[in-house]
Each structure stands twice: as C-alpha cells, then as structure tokens.
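Here the structure is laid out as structure tokens; the discussion comes afterwards.
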Amino acid sequence: MSTKKDVINQFGQNALAYIHSPLHEKGADLQVLIDSIEKRGKEAVLDVATGGGHVANAIAPYVNQVTAFDLTPQMLKAAETFITQNGHTNVSFVKGDAEAMPFQAETFDVVTCRIAPHHFPNVDAFISEAYRVLKPNGQFLLDDNVAPENNTADHFYNQIEKLRDKSHHRAWKKSEWLSKIEAGGFTIDALFCFDKVFAFDSWCDRMSLTDIQKKELTALMVNTPSSLKETFHIHIKEDQVISFQGQAIVLKARKS
C-alpha cells in the first residue's frame, strides 16, 4: 500500500514534467506500440496507468473509444488537458488501481500499459486484470523499462531507480515478463527491444530530486565497477554523470 501512496505523491507533484518529457512524449517505443495494435476503427481501448496520456492521445484518432485510467488524480487531470487540447473527444478519464480495475469482464478490445508496471507492487494481479477486462482474442500491449538478465546488473539498475524514485517497485527482466504473461493466459505475438538513453539531469529532475539526492546517485554511479559502467554505458565527465543507457520492451500478446 505504501508504494501506491508513493506513486500518488510522486506523480501528483510531477505531473506536468511527464507530459513534456521527451522520453515519454516522443520515445520510439510509443510509435512501435501504436503500430502494433491491429486497428479497424471500432475498438474500445483501455490505457492503464495512462500517466501523461501519450498512448491515449496517439491511439485516439484510430479507434472508437479510449479510456485513460490512472491511480493519480493530478496525472489524470494533466492528461485530460493535454488530450482535449489536441482535439480528441473520444477519450474518457477514470481513476483507479491497475491491480483491481473497476470495469466489467470482457469490456475492451485492446489494453495498453506504457512505462508504468515497474511501479506496480503486484504485476501478476495487473496481468490477471488485463486478461479479465479484455474480450476474447483481445490485444494486450505492454511497454516498460526492463532490467538486464544478469543478476548483478539487475540489482544495480533497480537500486538506482529506487534511489531516484521511491515509488519504483521493480523493473523486471525480459524473461520474467515472458513467463508472467504466458502464465496469465496470454499468447505472445511479438517482442520488440529498445536501447534507451537517459540524460542524467533530466532523469533526476522529473522526480524533483534535491542536490543531496543527485549527489548520492552520482557517487553510486561514478564508483560502480567498470563492468557495470560498460553494461549501462555510463558517461561520466569530470566526476559528473552525463547519461546512461537502459533497455525497454514492447510486448504484444493476445487473450487466448
């Protein structure tokens, strides 16, 4: 429960930063996600943890109706302003929990979730809910940052994310996502992988970190073993972290 309170606090305070974040607004993964959806123009789409509303905004012109769904009231309000300013009138906004959705079974043709599941304390419950609210043969599109398969690198990545953002729960490995989604009853159709470069200052600033917090993260990344510096392509100049590189996936699955 404390993680969810942290999510509401963190994202409530930083909603506008996510609306205008280049990684969220213009990331290459967004277009791949939208292109991967089979669209006939009649679909009802649920965008879980809509955040800044970028997926809902991008898919709205191609489908019948979109429900933008989020735990944080301030994020929903910011997303509504963003989406309505773009002229979309087929998007509704609903507050709620990804692990206990307030929708009837077999309501949606498509469920999407982008750059959010690493905040969910129980991703198995989220997968189960996505399966429940989808119609038979419905499409499930998951997009999130992932941890490396190597356990040491996995630990390091989740450590720095948690230090930056206490609402971070866990970035899962690709292999873990594949296993969980198949165990949830889905058939996996496609998996796309992306390298993702994080500019250190903007990465920190989206969470409104203090100078002390940024120094703690800097020290951890500067002093980490060279093998991890190579894995994450940590760019350091004059003892300052300039950027590092992670990975994200877009996974397309279907309700069996």
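As shown in the structure tokens, the chain order sets the letters A, B, ...; within each chain, residues go from 1, and ligands are also counted from 1 in the order they appear.
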If you count only C-alpha atoms, which residues fall within 10 Å of Lys214 (chain A), apart from same-chain ones fewer than 6 positions away, as a compact mmCIF listing (two decimals) with C-alpha atoms, in the first residue's frame?
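Output file selection27.txt follows:
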# COMPACT_ATOMS: atom_id res chain seq x y z
CA LEU A 163 17.04 5.83 -5.06
CA ARG A 164 15.72 8.23 -7.68
CA PHE A 200 21.07 12.12 -16.03
CA ASP A 201 19.95 15.65 -15.12
CA CYS A 204 16.62 13.28 -11.86
CA ASP A 205 14.68 16.48 -12.42
CA SER A 208 12.39 16.85 -8.40
CA LEU A 220 26.92 5.44 -6.69
CA VAL A 241 27.19 11.59 -14.74
With only C-alpha atoms as the counted atoms, please give the residues lying no more than 10 Å from Lys39 (chain A), apart from itself and same-chain residues fewer than 6 positions off, as number ranges by chain.
A: 59, 62-64, 109-110
Just the selected residues (N, CA and C atoms), exported as a PDB file, in the first residue's frame, please.
ATOM      1  N   ILE A  59      -3.454   6.999 -29.869  1.00  0.00           N
ATOM      2  CA  ILE A  59      -4.336   5.982 -30.446  1.00  0.00           C
ATOM      3  C   ILE A  59      -5.731   6.511 -30.727  1.00  0.00           C
ATOM      4  N   TYR A  62      -7.542   6.583 -34.201  1.00  0.00           N
ATOM      5  CA  TYR A  62      -7.659   5.347 -34.970  1.00  0.00           C
ATOM      6  C   TYR A  62      -8.714   4.376 -34.433  1.00  0.00           C
ATOM      7  N   VAL A  63      -9.313   4.682 -33.294  1.00  0.00           N
ATOM      8  CA  VAL A  63     -10.243   3.743 -32.664  1.00  0.00           C
ATOM      9  C   VAL A  63     -11.537   4.464 -32.288  1.00  0.00           C
ATOM     10  N   ASN A  64     -12.495   3.683 -31.792  1.00  0.00           N
ATOM     11  CA  ASN A  64     -13.796   4.263 -31.454  1.00  0.00           C
ATOM     12  C   ASN A  64     -13.775   5.014 -30.130  1.00  0.00           C
ATOM     13  N   ASP A 109     -11.359  -4.191 -26.325  1.00  0.00           N
ATOM     14  CA  ASP A 109     -10.691  -4.901 -27.418  1.00  0.00           C
ATOM     15  C   ASP A 109      -9.178  -4.853 -27.268  1.00  0.00           C
ATOM     16  N   VAL A 110      -8.685  -3.782 -26.650  1.00  0.00           N
ATOM     17  CA  VAL A 110      -7.247  -3.560 -26.509  1.00  0.00           C
ATOM     18  C   VAL A 110      -6.969  -3.015 -25.109  1.00  0.00           C
TER      19      VAL A 110
END
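For the atom pair formed by CA of Arg206 (chain A) and CA of Ala153 (chain A), the distance is 23.4 Å, given to one decimal.
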Apply DSSP to the backbone of this structure and, from region 17-168 of chain A, keep only the residues in strand (DSSP E or B); write these as a PyMOL selection string.
chain A and resi 44-48+65-70+91-95+97+100+108-114+134-147
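Using only C-alpha atoms, the smallest distance between any of A:Val55, A:Leu46, A:Ala116, A:Val146 and Glu176 (chain A) comes from A:Val146.
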Excluding Gly51 (chain A) and its own-chain neighbours fewer than 6 positions away, which residues fall within 7 Å of it when counting only C-alpha atoms? Please give them as number ranges by chain.
A: 70, 75-76, 79
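Between Leu134 (chain A) and the candidates A:Glu43, A:Asp211, A:Glu216, A:Glu106, the tightest atom-to-atom separation, counting only C-alpha atoms, involves A:Glu106.
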Measuring atom to atom with only C-alpha atoms, identify which of A:Ala199, A:Ala219, A:Leu209, A:Ala98 is nearest to His235 (chain A).
A:Ala199
Would you list, as an MDAnalysis selection string, the residues of region 21-151 of chain A that end up in helix (DSSP H, G or I) under DSSP run on this structure's backbone?
chainID A and resid 22:25 28:36 54:62 73:85 117:119 123:133 151
Would you mind reading off the distance between CA of Thr67 (chain A) and CA of Glu80 (chain A), one decimal, in Å?
10.9 Å
